[in-house]
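Containing mmCIF, C-alpha atoms: start.cif.
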data_data
#
loop_
_atom_site.label_atom_id
_atom_site.label_comp_id
_atom_site.auth_asym_id
_atom_site.auth_seq_id
_atom_site.Cartn_x
_atom_site.Cartn_y
_atom_site.Cartn_z
CA MET A 1 22.51 -30.44 -45.44
CA GLN A 2 21.94 -32.45 -42.30
CA VAL A 3 22.26 -30.43 -39.07
CA LYS A 4 22.79 -32.01 -35.64
CA ILE A 5 22.43 -29.67 -32.66
CA GLN A 6 23.50 -30.67 -29.14
CA GLY A 7 23.16 -28.74 -25.91
CA ARG A 8 25.37 -29.17 -22.88
CA GLN A 9 24.23 -27.57 -19.66
CA ILE A 10 21.65 -25.66 -21.70
CA GLU A 11 18.06 -26.20 -22.79
CA LEU A 12 17.77 -26.04 -26.57
CA THR A 13 14.83 -23.81 -27.39
CA GLU A 14 13.15 -23.55 -30.78
CA ALA A 15 14.49 -20.01 -31.09
CA LEU A 16 18.09 -21.25 -30.71
CA LYS A 17 17.54 -24.07 -33.20
CA ASN A 18 15.95 -21.70 -35.72
CA HIS A 19 18.80 -19.21 -35.30
CA VAL A 20 21.41 -21.92 -35.93
CA ASN A 21 19.58 -23.26 -38.99
CA LYS A 22 19.09 -19.77 -40.43
CA LYS A 23 22.80 -18.95 -40.01
CA LEU A 24 23.93 -22.25 -41.50
CA GLU A 25 21.73 -21.67 -44.56
CA LYS A 26 23.95 -18.67 -45.37
CA LEU A 27 26.86 -21.04 -45.96
CA LYS A 28 25.13 -22.61 -48.96
CA LYS A 29 25.97 -19.60 -51.11
CA TYR A 30 29.66 -20.56 -50.97
CA THR A 31 29.26 -24.23 -51.85
CA ASP A 32 26.55 -26.78 -52.51
CA ASN A 33 28.71 -29.62 -51.24
CA ILE A 34 28.06 -29.24 -47.50
CA LEU A 35 27.34 -32.78 -46.33
CA ASN A 36 26.47 -32.18 -42.68
CA ALA A 37 26.96 -29.82 -39.79
CA SER A 38 27.38 -30.55 -36.10
CA VAL A 39 26.63 -27.82 -33.56
CA VAL A 40 27.49 -28.03 -29.85
CA LEU A 41 26.18 -25.29 -27.57
CA SER A 42 27.29 -25.21 -23.95
CA VAL A 43 27.22 -22.96 -20.91
CA GLN A 44 29.74 -22.67 -18.07
CA LYS A 45 28.86 -20.09 -15.45
CA TYR A 46 28.57 -16.83 -17.41
CA ARG A 47 30.37 -18.05 -20.55
CA GLN A 48 28.43 -19.22 -23.59
CA PHE A 49 30.30 -21.58 -25.94
CA ALA A 50 29.41 -22.52 -29.50
CA GLU A 51 31.31 -24.99 -31.66
CA ILE A 52 30.28 -25.72 -35.23
CA THR A 53 31.84 -28.42 -37.40
CA VAL A 54 30.97 -28.49 -41.10
CA HIS A 55 31.90 -31.32 -43.48
CA VAL A 56 32.46 -30.10 -47.04
CA ASP A 57 33.47 -32.77 -49.56
CA ASP A 58 36.67 -34.17 -48.03
CA GLN A 59 37.39 -31.22 -45.72
CA ILE A 60 36.30 -30.42 -42.17
CA MET A 61 35.83 -26.80 -41.13
CA ILE A 62 35.58 -25.88 -37.46
CA GLY A 63 34.50 -22.66 -35.78
CA LYS A 64 34.63 -22.09 -32.02
CA SER A 65 33.53 -19.06 -30.06
CA GLU A 66 33.00 -17.96 -26.47
CA THR A 67 31.05 -14.86 -25.41
CA ASN A 68 28.49 -13.79 -22.84
CA ASP A 69 25.61 -14.24 -25.32
CA MET A 70 24.81 -17.51 -27.07
CA TYR A 71 23.46 -15.83 -30.21
CA VAL A 72 26.67 -13.82 -30.61
CA SER A 73 28.73 -16.99 -30.13
CA ILE A 74 26.77 -18.73 -32.89
CA ASP A 75 27.18 -15.74 -35.21
CA GLN A 76 30.95 -15.63 -34.63
CA CYS A 77 31.29 -19.36 -35.34
CA VAL A 78 29.41 -19.05 -38.59
CA GLU A 79 31.57 -16.06 -39.59
CA LYS A 80 34.73 -18.12 -38.98
CA ILE A 81 33.45 -20.96 -41.13
CA GLU A 82 32.30 -18.47 -43.76
CA THR A 83 35.87 -17.11 -43.92
CA GLN A 84 37.24 -20.63 -44.37
CA LEU A 85 34.75 -21.33 -47.16
CA LYS A 86 35.67 -18.07 -48.92
CA LYS A 87 39.36 -19.02 -48.84
CA ARG A 88 38.54 -22.49 -50.13
CA LYS A 89 36.49 -21.04 -52.97
CA ALA A 90 39.23 -18.53 -53.87
CA ARG A 91 41.87 -21.29 -53.95
CA TYR A 92 39.66 -23.44 -56.12
CA HIS A 93 38.98 -20.66 -58.63
CA SER A 94 42.61 -19.51 -58.77
CA SER A 95 43.78 -23.06 -59.50
CA LYS A 96 41.15 -23.37 -62.24
CA LYS A 97 42.35 -20.10 -63.82
CA LYS A 98 45.94 -21.29 -63.64
CA GLU A 99 45.02 -24.57 -65.35
CA THR A 100 43.19 -22.82 -68.20
CA SER A 101 45.98 -20.28 -68.72
CA GLU A 102 48.58 -23.07 -68.82
CA LYS A 103 46.41 -24.97 -71.27
CA LYS A 104 46.07 -21.89 -73.53
CA SER A 105 49.79 -21.18 -73.44
CA SER A 106 50.62 -24.78 -74.37
CA GLU A 107 48.10 -24.62 -77.24
CA SER A 108 49.65 -21.42 -78.58
CA ILE A 109 53.12 -23.01 -78.50
CA VAL A 110 51.84 -25.95 -80.52
CA GLU A 111 50.23 -23.60 -83.08
CA LYS A 112 53.49 -21.65 -83.56
CA SER A 113 55.44 -24.80 -84.33
#

Encoding of this model in structure tokens:
Amino acid sequence: MQVKIQGRQIELTEALKNHVNKKLEKLKKYTDNILNASVVLSVQKYRQFAEITVHVDDQIMIGKSETNDMYVSIDQCVEKIETQLKKRKARYHSSKKKETSEKKSSESIVEKS
């Protein structure tokens, strides 16, 4: 997975970059098809913004968060994307189960005939 990190009105430290990379690594347990991730970190007065965009196959998943702490903002964004990936995985598996059950039922109808 290719990760691009940008900072607006903020100096990107190694600690921030490591935190982002560590959190994004957690997403690999939901799918191996993550192509790239784009992270934008910005500061406006006392508000800390994080926006993460992840490209998975043909889908784009976006997480945005605003708090008083940049690390918390990053964590919340990753949690939002994690939720989206869980839903995607559940939909994929439920459609696979439906296909196999339909296939089995059609096979049993053919056998009875």

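Closest approach to A:Val78 from the set A:Val43, A:Ile60, A:Ile34, A:Leu24 is made by A:Leu24, with distances taken over only C-alpha atoms.
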
Pick the closest to A:Lys23 from A:Gly7, A:Glu66, A:Glu79, A:Arg88: which is it, counting only C-alpha atoms? A:Glu79

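Taking all atoms listed in the file, the non-local environment of A:Lys17 within 12 Å (same-chain residues fewer than 6 positions away omitted) comprises Val3, Lys4, Ile5, Gln6, Gly7, Glu11, Lys23, Leu24, Val39, Val40, Leu41, Met70, Tyr71 and Ile74 of chain A.
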
Pick the closest to A:Gln44 from A:Arg8, A:Lys86, A:His19, A:Lys26: which is it, counting all atoms listed in the file? A:Arg8

Do you have the atom CA of A:Gln48-atom CA of A:Leu35 distance handy? 26.5 Å

Can you translate the PyMOL selection byres ((chain A and resi 56) around 6) into the concrete residues it hits in this file, as a count of residues only? 7

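Here atom CA of A:Val54 stands at a distance of 21.7 Å from atom CA of A:Ile10.
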
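Ranking A:Ser73, A:Thr31, A:Ile62, A:Arg47 by their shortest atom-to-atom distance to A:Tyr92, with all atoms listed in the file included, puts A:Thr31 first.
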
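For the atom pair formed by atom CA of A:Ser94 and atom CA of A:Ile52, the distance is 27.3 Å, given to one decimal.
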